[in-house]
Structure formats: structure tokens, C-alpha cells
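Content type CSV, C-alpha atoms, from the file start-v4.csv:
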```csv
chain,number,residue,atom,x,y,z
A,11,MET,CA,21.0,14.7,31.6
A,12,SER,CA,21.0,15.8,28.0
A,13,LYS,CA,18.8,18.6,26.8
A,14,MET,CA,15.5,17.9,25.2
A,15,LEU,CA,15.4,18.6,21.4
A,16,LYS,CA,12.4,18.6,19.1
A,17,LEU,CA,12.8,17.9,15.4
A,18,ARG,CA,10.2,17.6,12.7
A,19,GLY,CA,10.2,15.3,9.6
A,20,ILE,CA,7.7,13.8,7.2
A,21,ALA,CA,5.0,11.7,8.8
A,22,VAL,CA,5.4,8.4,6.9
A,23,SER,CA,3.9,5.5,9.0
A,24,GLU,CA,1.6,6.0,11.9
A,25,GLY,CA,2.2,5.0,15.4
A,26,ILE,CA,4.2,6.2,18.4
A,27,ALA,CA,7.6,4.6,19.1
A,28,ILE,CA,9.6,5.2,22.2
A,29,GLY,CA,13.0,3.7,22.6
A,30,ASN,CA,16.8,4.2,22.5
A,31,SER,CA,18.4,5.3,19.3
A,32,ARG,CA,20.7,3.1,17.2
A,33,VAL,CA,22.6,5.1,14.7
A,34,VAL,CA,23.2,2.9,11.7
A,35,SER,CA,26.0,4.3,9.6
A,36,GLU,CA,26.1,3.2,6.0
A,37,GLY,CA,28.6,5.7,4.9
A,38,LYS,CA,27.3,8.6,2.9
A,39,ILE,CA,26.5,8.1,-0.8
A,40,THR,CA,29.6,9.6,-2.2
A,41,PHE,CA,31.5,8.8,-5.4
A,42,GLU,CA,34.4,10.2,-7.4
A,43,ARG,CA,33.6,12.8,-10.0
A,44,LYS,CA,36.1,11.7,-12.5
A,45,LYS,CA,35.6,10.5,-16.1
A,46,ILE,CA,35.7,6.8,-16.7
A,47,SER,CA,37.9,5.3,-19.4
A,48,ASP,CA,36.6,3.8,-22.7
A,49,SER,CA,37.4,0.3,-21.4
A,50,GLU,CA,35.1,0.8,-18.4
A,51,VAL,CA,32.1,1.8,-20.5
A,52,LYS,CA,30.9,-1.8,-21.0
A,53,ASP,CA,31.1,-2.6,-17.2
A,54,GLU,CA,29.2,0.6,-16.3
A,55,LEU,CA,26.5,-0.3,-18.8
A,56,LYS,CA,26.2,-3.8,-17.4
A,57,ARG,CA,26.0,-2.3,-13.8
A,58,PHE,CA,23.1,-0.2,-15.0
A,59,GLU,CA,21.2,-3.1,-16.6
A,60,ASP,CA,21.9,-5.3,-13.5
A,61,GLY,CA,20.7,-2.5,-11.2
A,62,VAL,CA,17.5,-2.0,-13.1
A,63,GLN,CA,16.9,-5.7,-13.1
A,64,PHE,CA,17.5,-5.9,-9.4
A,65,LEU,CA,15.1,-3.1,-8.5
A,66,VAL,CA,12.4,-4.3,-10.9
A,67,ASN,CA,12.6,-7.7,-9.3
A,68,GLU,CA,12.5,-6.2,-5.9
A,69,ILE,CA,9.3,-4.4,-6.7
A,70,ASP,CA,7.7,-7.6,-8.1
A,71,THR,CA,8.7,-9.5,-5.0
A,72,LEU,CA,7.3,-6.8,-2.7
A,73,ILE,CA,4.0,-6.8,-4.6
A,74,LYS,CA,3.8,-10.6,-4.3
A,75,LYS,CA,4.7,-10.7,-0.6
A,76,TYR,CA,2.5,-7.9,0.8
A,77,SER,CA,-1.1,-7.1,0.3
A,78,PHE,CA,-0.8,-3.4,-0.4
A,79,SER,CA,-3.7,-1.0,-0.8
A,80,LYS,CA,-4.4,-0.1,-4.5
A,81,GLU,CA,-2.8,3.3,-3.9
A,82,ASN,CA,0.4,1.9,-2.7
A,83,LYS,CA,0.6,-0.8,-5.3
A,84,ASP,CA,0.1,1.9,-8.0
A,85,ILE,CA,3.0,3.9,-6.6
A,86,LEU,CA,5.2,0.8,-6.8
A,87,LEU,CA,4.1,0.0,-10.3
A,88,SER,CA,4.7,3.6,-11.4
A,89,HIS,CA,8.3,3.3,-10.1
A,90,LYS,CA,8.7,0.1,-12.1
A,91,MET,CA,7.6,2.0,-15.1
A,92,ILE,CA,10.2,4.7,-14.5
A,93,LEU,CA,12.9,2.0,-14.2
A,94,GLU,CA,11.8,0.4,-17.5
A,95,ASP,CA,11.4,3.7,-19.4
A,96,PRO,CA,13.1,3.4,-22.8
A,97,GLU,CA,14.1,7.1,-22.7
A,98,PHE,CA,15.7,6.6,-19.2
A,99,HIS,CA,17.8,3.7,-20.7
A,100,LYS,CA,18.7,5.8,-23.7
A,101,ASN,CA,19.8,8.8,-21.7
A,102,ILE,CA,21.9,6.8,-19.2
A,103,THR,CA,23.5,4.9,-22.1
A,104,ILE,CA,24.5,8.2,-23.7
A,105,LEU,CA,25.8,9.7,-20.5
A,106,ILE,CA,28.0,6.7,-19.9
A,107,LYS,CA,29.1,6.1,-23.5
A,108,GLU,CA,29.6,9.6,-24.7
A,109,GLU,CA,30.1,11.7,-21.6
A,110,LEU,CA,32.1,8.9,-20.0
A,111,LEU,CA,30.3,9.3,-16.7
A,112,SER,CA,30.3,6.6,-14.1
A,113,LEU,CA,26.9,5.0,-13.4
A,114,GLU,CA,26.5,7.0,-10.2
A,115,GLN,CA,27.2,10.2,-11.9
A,116,ALA,CA,25.0,9.3,-14.9
A,117,ILE,CA,22.0,8.5,-12.6
A,118,THR,CA,22.6,11.7,-10.6
A,119,THR,CA,22.9,13.8,-13.8
A,120,HIS,CA,19.8,12.3,-15.4
A,121,PHE,CA,17.5,12.9,-12.4
A,122,ALA,CA,18.9,16.4,-11.8
A,123,GLN,CA,18.0,17.3,-15.4
A,124,LEU,CA,14.6,15.9,-14.9
A,125,LYS,CA,14.1,17.8,-11.7
A,126,LYS,CA,14.8,21.0,-13.5
A,127,ILE,CA,12.1,20.2,-16.1
A,128,PHE,CA,9.5,19.4,-13.4
A,129,LYS,CA,10.4,22.5,-11.3
A,130,ASN,CA,9.5,24.7,-14.3
A,131,MET,CA,6.1,23.2,-14.7
A,132,LYS,CA,3.3,25.6,-14.0
A,133,ASN,CA,0.9,22.9,-12.9
A,134,GLU,CA,1.7,22.1,-9.3
A,135,TYR,CA,-0.2,18.8,-9.4
A,136,LEU,CA,2.2,17.6,-12.2
A,137,ALA,CA,5.3,19.3,-10.7
A,138,GLU,CA,5.1,17.4,-7.5
A,139,ARG,CA,5.4,14.1,-9.3
A,140,ILE,CA,9.1,14.7,-9.3
A,141,SER,CA,9.1,12.9,-5.9
A,142,ASP,CA,8.5,9.6,-7.7
A,143,TYR,CA,11.6,10.2,-9.7
A,144,GLU,CA,13.6,11.2,-6.6
A,145,ASP,CA,12.5,8.0,-4.9
A,146,VAL,CA,13.7,5.9,-7.8
A,147,SER,CA,16.9,7.9,-8.0
A,148,ASN,CA,17.7,7.5,-4.3
A,149,ARG,CA,16.8,3.8,-4.4
A,150,PHE,CA,19.1,3.3,-7.4
A,151,LEU,CA,22.0,5.2,-5.8
A,152,LYS,CA,21.6,3.4,-2.5
A,153,HIS,CA,21.6,0.0,-4.3
A,154,ILE,CA,24.7,0.6,-6.4
A,155,THR,CA,26.8,2.2,-3.7
A,156,ASN,CA,25.8,-0.1,-0.9
A,157,SER,CA,27.9,-3.1,0.2
A,158,SER,CA,25.9,-6.2,0.7
A,159,SER,CA,26.9,-6.6,4.3
A,160,ASP,CA,24.1,-6.6,6.9
A,161,ILE,CA,24.5,-3.1,8.4
A,162,LEU,CA,21.6,-3.6,10.7
A,163,LYS,CA,23.2,-6.4,12.6
A,164,SER,CA,24.0,-4.3,15.7
A,165,VAL,CA,20.3,-3.3,16.0
A,166,LYS,CA,18.4,-4.7,19.0
A,167,LYS,CA,14.8,-5.2,20.0
A,168,ASP,CA,12.8,-2.0,20.9
A,169,GLU,CA,15.4,0.3,19.5
A,170,ILE,CA,14.8,3.1,17.1
A,171,ILE,CA,16.8,3.0,13.9
A,172,ILE,CA,18.5,6.2,12.9
A,173,MET,CA,19.8,6.3,9.3
A,174,THR,CA,20.4,8.5,6.3
A,175,ALA,CA,18.2,6.4,4.1
A,176,ILE,CA,16.7,2.9,4.4
A,177,SER,CA,16.0,0.4,1.7
A,178,PRO,CA,12.9,-1.8,1.5
A,179,SER,CA,14.8,-4.9,2.5
A,180,GLU,CA,16.3,-3.1,5.5
A,181,VAL,CA,12.8,-2.2,6.6
A,182,MET,CA,11.8,-5.8,6.6
A,183,LYS,CA,15.0,-6.8,8.5
A,184,ALA,CA,14.2,-4.0,11.0
A,185,LEU,CA,10.8,-5.6,11.6
A,186,GLU,CA,12.4,-9.0,12.1
A,187,ARG,CA,14.7,-7.5,14.8
A,188,LYS,CA,11.5,-6.1,16.4
A,189,VAL,CA,12.6,-2.5,16.4
A,190,ALA,CA,10.3,0.2,17.8
A,191,GLY,CA,10.5,2.5,14.8
A,192,ILE,CA,12.5,4.0,12.0
A,193,CYS,CA,13.7,7.6,11.5
A,194,THR,CA,15.6,8.7,8.4
A,195,GLU,CA,17.3,11.9,7.3
A,196,THR,CA,16.1,11.6,3.7
A,197,GLY,CA,13.1,10.0,2.0
A,198,SER,CA,9.5,10.9,1.3
A,199,ARG,CA,6.0,9.6,2.0
A,200,ASN,CA,5.9,7.5,-1.1
A,201,SER,CA,9.3,5.9,-1.1
A,202,HIS,CA,9.2,2.1,-1.3
A,203,SER,CA,10.5,1.9,2.3
A,204,ALA,CA,7.7,4.2,3.5
A,205,ILE,CA,5.1,2.2,1.8
A,206,ILE,CA,6.4,-1.0,3.4
A,207,ALA,CA,6.7,0.5,6.9
A,208,ARG,CA,3.0,1.6,6.6
A,209,SER,CA,1.8,-1.8,5.6
A,210,LEU,CA,3.8,-3.4,8.4
A,211,ASN,CA,2.4,-0.9,10.9
A,212,LEU,CA,5.9,0.1,11.8
A,213,PRO,CA,6.2,3.8,13.0
A,214,MET,CA,8.4,5.8,10.7
A,215,VAL,CA,9.4,9.4,10.2
A,216,ALA,CA,11.5,10.4,7.2
A,217,GLY,CA,13.1,13.5,5.9
A,218,VAL,CA,14.4,14.8,9.2
A,219,HIS,CA,16.9,17.5,8.4
A,220,SER,CA,20.5,17.0,9.9
A,221,LEU,CA,19.2,14.0,11.9
A,222,LEU,CA,22.5,12.2,12.1
A,223,GLN,CA,24.3,15.3,13.5
A,224,LYS,CA,21.7,15.6,16.3
A,225,VAL,CA,21.2,12.1,17.5
A,226,LYS,CA,23.9,9.9,19.2
A,227,ASN,CA,23.6,6.2,20.0
A,228,ASN,CA,21.5,5.4,23.0
A,229,ASP,CA,19.6,8.7,23.1
A,230,LYS,CA,16.1,8.4,24.3
A,231,ILE,CA,13.8,9.0,21.3
A,232,ILE,CA,10.1,9.5,20.7
A,233,LEU,CA,8.8,9.2,17.2
A,234,ASN,CA,5.3,10.2,16.2
A,235,GLY,CA,4.6,8.7,12.8
A,236,ALA,CA,1.3,10.5,12.5
A,237,THR,CA,2.7,14.0,12.9
A,238,GLY,CA,6.4,13.6,11.9
A,239,ASP,CA,7.5,14.8,15.4
A,240,VAL,CA,10.8,13.5,16.7
A,241,ILE,CA,11.8,14.2,20.3
A,242,ILE,CA,15.3,13.6,21.5
A,243,ASN,CA,16.0,13.2,25.3
A,244,PRO,CA,12.4,14.0,26.3
A,245,SER,CA,11.6,15.4,29.7
A,246,GLN,CA,9.8,13.1,32.1
A,247,ASN,CA,6.6,14.9,31.5
A,248,ILE,CA,6.8,14.6,27.8
A,249,LEU,CA,7.7,11.0,28.1
A,250,SER,CA,4.7,10.2,30.3
A,251,GLU,CA,2.5,12.1,27.9
A,252,TYR,CA,3.7,10.0,24.9
A,253,GLU,CA,3.5,6.8,26.8
A,254,LYS,CA,-0.2,7.5,27.4
A,255,LYS,CA,-0.6,8.5,23.7
A,256,LYS,CA,1.1,5.3,22.6
A,257,ALA,CA,-1.2,3.1,24.8
A,258,ASP,CA,-4.3,5.0,23.5
A,259,PHE,CA,-3.2,4.5,19.9
A,260,LEU,CA,-2.5,0.8,20.3
A,261,ALA,CA,-5.8,0.3,22.0
A,262,ARG,CA,-7.6,2.1,19.2
A,263,ARG,CA,-5.8,0.2,16.6
A,264,LYS,CA,-6.6,-3.1,18.3
A,265,ASN,CA,-10.2,-2.1,18.6
A,266,TYR,CA,-10.3,-1.1,15.0
A,267,LEU,CA,-8.7,-4.3,13.8
A,268,PHE,CA,-11.1,-6.2,16.0
A,269,ARG,CA,-14.1,-4.5,14.3
A,270,GLN,CA,-12.5,-5.3,10.9
A,271,LEU,CA,-12.1,-8.9,11.7
A,272,SER,CA,-15.6,-9.2,13.0
A,273,GLY,CA,-16.7,-8.3,9.6
A,274,GLN,CA,-18.1,-4.8,10.0
A,275,SER,CA,-16.1,-3.7,7.0
A,276,MET,CA,-13.3,-4.8,4.8
A,277,TRP,CA,-9.7,-4.3,6.0
A,278,ALA,CA,-7.7,-1.9,3.9
A,279,GLU,CA,-4.7,0.0,5.2
A,280,THR,CA,-6.0,3.2,3.5
A,281,ASN,CA,-9.2,3.4,5.6
A,282,PHE,CA,-7.3,3.1,8.9
A,283,PRO,CA,-8.6,6.1,10.8
A,284,ARG,CA,-6.1,9.0,11.4
A,285,PHE,CA,-5.8,10.3,14.9
B,141,MET,CA,2.4,6.5,-40.6
B,142,ILE,CA,-0.7,8.0,-39.2
B,143,ARG,CA,-1.3,11.3,-37.4
B,144,ARG,CA,-4.3,12.4,-35.3
B,145,LYS,CA,-5.1,15.5,-33.3
B,146,VAL,CA,-6.6,15.1,-29.8
B,147,LYS,CA,-7.5,17.5,-27.0
B,148,VAL,CA,-7.0,16.8,-23.3
B,149,VAL,CA,-10.6,16.9,-22.0
B,150,ASN,CA,-10.2,15.5,-18.4
B,151,LYS,CA,-10.0,18.3,-15.8
B,152,LEU,CA,-6.8,17.3,-14.1
B,153,GLY,CA,-4.9,17.0,-17.3
B,154,MET,CA,-2.3,14.4,-18.1
B,155,HIS,CA,-1.1,13.7,-14.6
B,156,ALA,CA,0.5,10.4,-13.4
B,157,ARG,CA,-2.5,8.1,-13.8
B,158,PRO,CA,-3.5,9.1,-17.4
B,159,ALA,CA,0.2,9.2,-18.4
B,160,THR,CA,0.6,5.6,-17.1
B,161,MET,CA,-2.4,4.5,-19.0
B,162,ILE,CA,-1.1,6.0,-22.2
B,163,VAL,CA,2.4,4.4,-21.9
B,164,LYS,CA,0.9,1.0,-20.9
B,165,THR,CA,-1.4,1.0,-23.9
B,166,ALA,CA,1.3,2.2,-26.4
B,167,MET,CA,3.6,-0.5,-25.0
B,168,LYS,CA,1.2,-3.2,-26.2
B,169,TYR,CA,2.1,-2.4,-29.8
B,170,ARG,CA,5.2,-2.6,-31.8
B,171,SER,CA,4.8,0.6,-33.7
B,172,LYS,CA,6.6,3.7,-32.8
B,173,PHE,CA,4.5,6.3,-30.9
B,174,ILE,CA,5.2,10.0,-30.7
B,175,ILE,CA,3.3,12.8,-29.0
B,176,LYS,CA,3.8,16.4,-30.1
B,177,LYS,CA,2.8,19.5,-28.2
B,178,ASP,CA,3.7,23.1,-29.0
B,179,GLY,CA,6.6,21.9,-31.2
B,180,ALA,CA,8.0,19.6,-28.5
B,181,GLU,CA,8.1,15.9,-29.4
B,182,ILE,CA,8.4,13.0,-27.0
B,183,ASN,CA,8.4,9.2,-27.1
B,184,GLY,CA,4.8,8.2,-26.1
B,185,LYS,CA,6.2,4.9,-24.7
B,186,SER,CA,8.2,6.8,-22.1
B,187,ILE,CA,6.5,7.7,-18.9
B,188,MET,CA,9.1,10.5,-18.4
B,189,GLY,CA,8.3,11.8,-21.8
B,190,VAL,CA,4.6,11.8,-21.3
B,191,MET,CA,4.8,13.4,-17.9
B,192,THR,CA,7.2,16.1,-19.0
B,193,LEU,CA,4.8,17.2,-21.7
B,194,ALA,CA,2.8,18.7,-18.8
B,195,ALA,CA,-0.4,18.6,-20.9
B,196,GLU,CA,-3.1,20.3,-19.0
B,197,TYR,CA,-6.8,20.5,-19.5
B,198,GLY,CA,-7.5,21.9,-23.0
B,199,SER,CA,-4.0,21.2,-24.4
B,200,GLU,CA,-4.0,20.1,-28.1
B,201,LEU,CA,-1.7,17.3,-29.0
B,202,GLU,CA,-0.7,15.6,-32.2
B,203,LEU,CA,-0.3,11.8,-32.0
B,204,ILE,CA,1.9,10.0,-34.5
B,205,ALA,CA,2.0,6.2,-34.8
B,206,ASP,CA,4.3,4.5,-37.2
B,207,GLY,CA,4.6,0.7,-37.7
B,208,VAL,CA,2.9,-2.6,-38.5
B,209,ASP,CA,0.1,-2.1,-35.9
B,210,GLU,CA,-0.2,1.7,-36.1
B,211,GLU,CA,-3.9,1.7,-36.6
B,212,TYR,CA,-4.7,-0.4,-33.6
B,213,LEU,CA,-2.3,1.6,-31.4
B,214,MET,CA,-3.9,4.9,-32.6
B,215,ASN,CA,-7.4,3.7,-32.0
B,216,ASP,CA,-6.7,2.6,-28.5
B,217,ILE,CA,-5.0,5.8,-27.6
B,218,VAL,CA,-7.6,8.1,-29.1
B,219,GLU,CA,-10.2,6.1,-27.2
B,220,LEU,CA,-8.4,6.7,-23.9
B,221,PHE,CA,-8.4,10.5,-24.5
B,222,ALA,CA,-12.1,10.4,-25.5
B,223,SER,CA,-13.0,8.4,-22.4
B,224,LYS,CA,-11.2,11.1,-20.3
B,225,PHE,CA,-9.1,8.3,-18.9
B,226,GLY,CA,-12.1,7.3,-16.8
B,227,GLU,CA,-12.1,10.7,-15.0
B,228,GLU,CA,-14.2,13.9,-15.0
```

Write-out of the structure in C-alpha cells:
Amino acid sequence: MSKMLKLRGIAVSEGIAIGNSRVVSEGKITFERKKISDSEVKDELKRFEDGVQFLVNEIDTLIKKYSFSKENKDILLSHKMILEDPEFHKNITILIKEELLSLEQAITTHFAQLKKIFKNMKNEYLAERISDYEDVSNRFLKHITNSSSDILKSVKKDEIIIMTAISPSEVMKALERKVAGICTETGSRNSHSAIIARSLNLPMVAGVHSLLQKVKNNDKIILNGATGDVIINPSQNILSEYEKKKADFLARRKNYLFRQLSGQSMWAETNFPRF
Amino acid sequence: MIRRKVKVVNKLGMHARPATMIVKTAMKYRSKFIIKKDGAEINGKSIMGVMTLAAEYGSELELIADGVDEEYLMNDIVELFASKFGEE
């Protein structure tokens, strides 16, 4: 029997998931660091505009499809504004046209510069907004480097998906496959995928350091989406403890939803009680 | 071209929400819109620009609007600052 291992990530979407791991490899986001040629500039600029268009449409579709809380909707709209920012477009165009960077390198460079500016801000409240830009940057890179193939096709019911990063459409696919939960190595609480997992009540933990080195396929996993705890190969005691916690949580959620439906107060994902 | 001086009077300063309101408002108009702070100058229609100004409570800013509808743009923006963006 493998040794129990406890990891900790960012609590993204509440709920307890217990299941076998399914490591979904998408290949790391890597790209060559060489200059592009003048003849490739036009194509790279078009890839940029297409990418922006795709991601803006994705946000519009998500907003139409789900009833997000105002807070979550505002996050999505702010990400849309970041994508449509005229200075963002200007800077990427310069990086591609004059510095002859590929789109991947241009996006990385642009957001790295921005990160530096935010890091130097004295006001913490402002400085932490860099996470919005990181979310957009990660989403953009994942979009332009991903093949369109369905990488989740091997995933089965009640499994826990283990990935480097997950896109919003993959979260929705995961739900269709009836997975127990999602755990990613990168990501933050306000990424699009996190927001969707929350509104779908799908347990999720993000930002688990070196996750993919520590989990193999078919490891027994416990995810606690309220605390960010991830337990690999739990002992029988821990497993029983979490099975009870999970049952309690589901009972409370059901009871809570019932009270909502019987009209005692309006349903809103933001006022779901934290345990 | 018109110029106006304003002060950030809401306690939290120009964080994400007020910055979004400024950009959204400026975007409604065709005129160019620039915000200056301590010698730095940014595009007031850029959320990145407005956020990176890091204008805190008490900061003094110069607003510059330039174009066919500059007066309307300026009035709307000045009004946002005066209303403290609906905050404290």
C-alpha cells in the first residue's frame, strides 16, 4: 500500500470529493524562444486577434449560459475588459511587429512586464489585482497552445481529474462525465474555471505545487474544496473520516437548497454557508 | 482639448471597480482620454493603464480629453470622481 501524502492548494470550489485520480496530460505549455521572420508577422497578429475574439466570445457565452453571482460576473467582465484593452493590443502588436516575438512569447513578455509594475505597488489591495491579469494570461496561453482534441476522453465517472491547468470548457466537459472533483497544479480562486466549478458545485482545488509529480493514475484521492486539502492514498481512518464529512456536507447543502426553494430566502451562490 | 484636475476622494482609491467604471465611461465617447499622475501619463480607456496608475486616496490627477465629444466625456468622468464611485 502506498504511503499517505498530504498536499495543500487553493480552496476554489467547496465540497468533498473522494475518488481515483485520472492524470490528464495536456503537455506543458512550452514554445520555442526564437525570433519569427518578417513574413510570419501577419499570421501571428491574426492569431492574436482570433485568440482575443475566441476568449471574448467564451466569456459572453458563459455569462449567457450560467446564472453567476454578481461578484463572479464582475470578474468575468473585468477579464473581458483586459482582453479588449487598447493598450494590450498596442503592446502585443509592437512585440510581434518590432521585436519579432511569436504570439506565445509576446503574451508572456507583456504580462511579465505588467507583473513587475504591480509587484512594485505600495498598496496591497491594488497589487493583488495582478491575479486577474495572470488568469487572462494563463487562459490565453492555454488556448493558443492547446490542440483541439478532447483530452478528457479517458476520464470516467467518479474520478478526480488531475491537470496542470483546466479551461472553462473542460470544466463543463468534466461535469458531463460526472467526475467527483478537479485538482490542478496552477490556477487561482478567480480564474474562469474556478468560477464555473463553484457555480456547478463541483469540488475543486487549484494551485497545488508539483501536483503532477506526486500523483499517479488510480491513486486514491481526497479533495476538500473548502480548505484546499488534498490527500493522496489516505489511511483507512482518514478515509472514513472524510466519508462522514462528505455525507454531512451533502446533507447540509441539500437542507440549505431545500430552504432556499421553500422561499425562505433568495438563492445566490455567494450566500451559501461556509463550513 | 480640455484639462481638469481631480482628487481621489474614495477611501479605497482607484481599485478594480472604480477603474472599470472610468474605462467603461470613457469608452462611450470618441474623444481621446488621458490621465496624468506625478508626471506619468496613461490612456484612460485602458484598464491596464488606469490600474497601473495606482491612484490611492488623496492622489491628485489631471484629466485630459481631446476630441469631438470632449466636454461630455469630461463631465461624466468628473462626476464619477465626485460621487466617489458610489463608495465611501

Interface residues on chain A facing chain B, 8 Å, all atoms listed in the file, written as a PyMOL selection string: chain A and resi 88+91-92+95-98+127-128+131+133+135-136+139

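Compared by their closest atoms to A:Asp70, and using only C-alpha atoms, the residues A:Lys183, A:Lys44, A:His202, A:Arg208 rank with A:His202 nearest.
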
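Between atom CA of A:Arg263 and atom CA of A:Ile73 the interatomic distance comes to 24.4 Å.
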
Give me, as a PyMOL selection string, all polymer residues having an atom no more than 12 Å from A:Ser250, counting only C-alpha atoms and skipping those fewer than 6 positions away in the same chain. chain A and resi 28+232+244+256-257

List the spatial neighbours of A:Asn30 as a VMD selection string - criterion: any atom at most 7 Å away, all atoms listed in the file, same-chain residues fewer than 6 positions off excluded. chain A and resid 169 to 170 228 to 231

Skip stretch 15-21 of chain A itself and residues of its chain fewer than 3 positions away, then list as a ChimeraX atom specification all residues within 8 Å of it, counting all atoms listed in the file. /A:24,198-199,214-219,234-244

By how many Å are atom CA of A:Ala207 and atom CA of A:Glu144 apart? 18.6 Å

Nearest-residue call for B:Tyr197, choices B:Ile162, B:Lys176, B:Lys145, B:Phe221, using all atoms listed in the file: B:Phe221

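Between atom CA of B:Ile204 and atom CA of B:Val149 lies a distance of 19.0 Å.
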
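When all atoms listed in the file are used to compute distances to A:Ser31, the closest of the residues A:Leu65, A:Leu212, A:Leu233, A:Ala116 turns out to be A:Leu233.
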
What residues have an atom no more than 7 Å from (-11.3, 17.6, -22.1) in the file's own frame, counting all atoms listed in the file, and can you write them as a ChimeraX atom specification? /B:147-151,197-198,224

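Summary of the local environment: counting all atoms listed in the file, residues at most 12 Å from A:Glu109, other than itself and those fewer than 4 positions away along its chain, are A:Lys44, A:Lys45, A:Ile46, A:Ser47, A:Asp48, A:Val51, A:Asn101, A:Ile102, A:Thr103, A:Ile104, A:Leu105, A:Leu113, A:Gln115, A:Ala116, A:Thr119.
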
Which of these residues is nearest to B:Val208, using only C-alpha atoms: B:Met141, B:Ser171, B:Ala159, B:Val146? B:Ser171
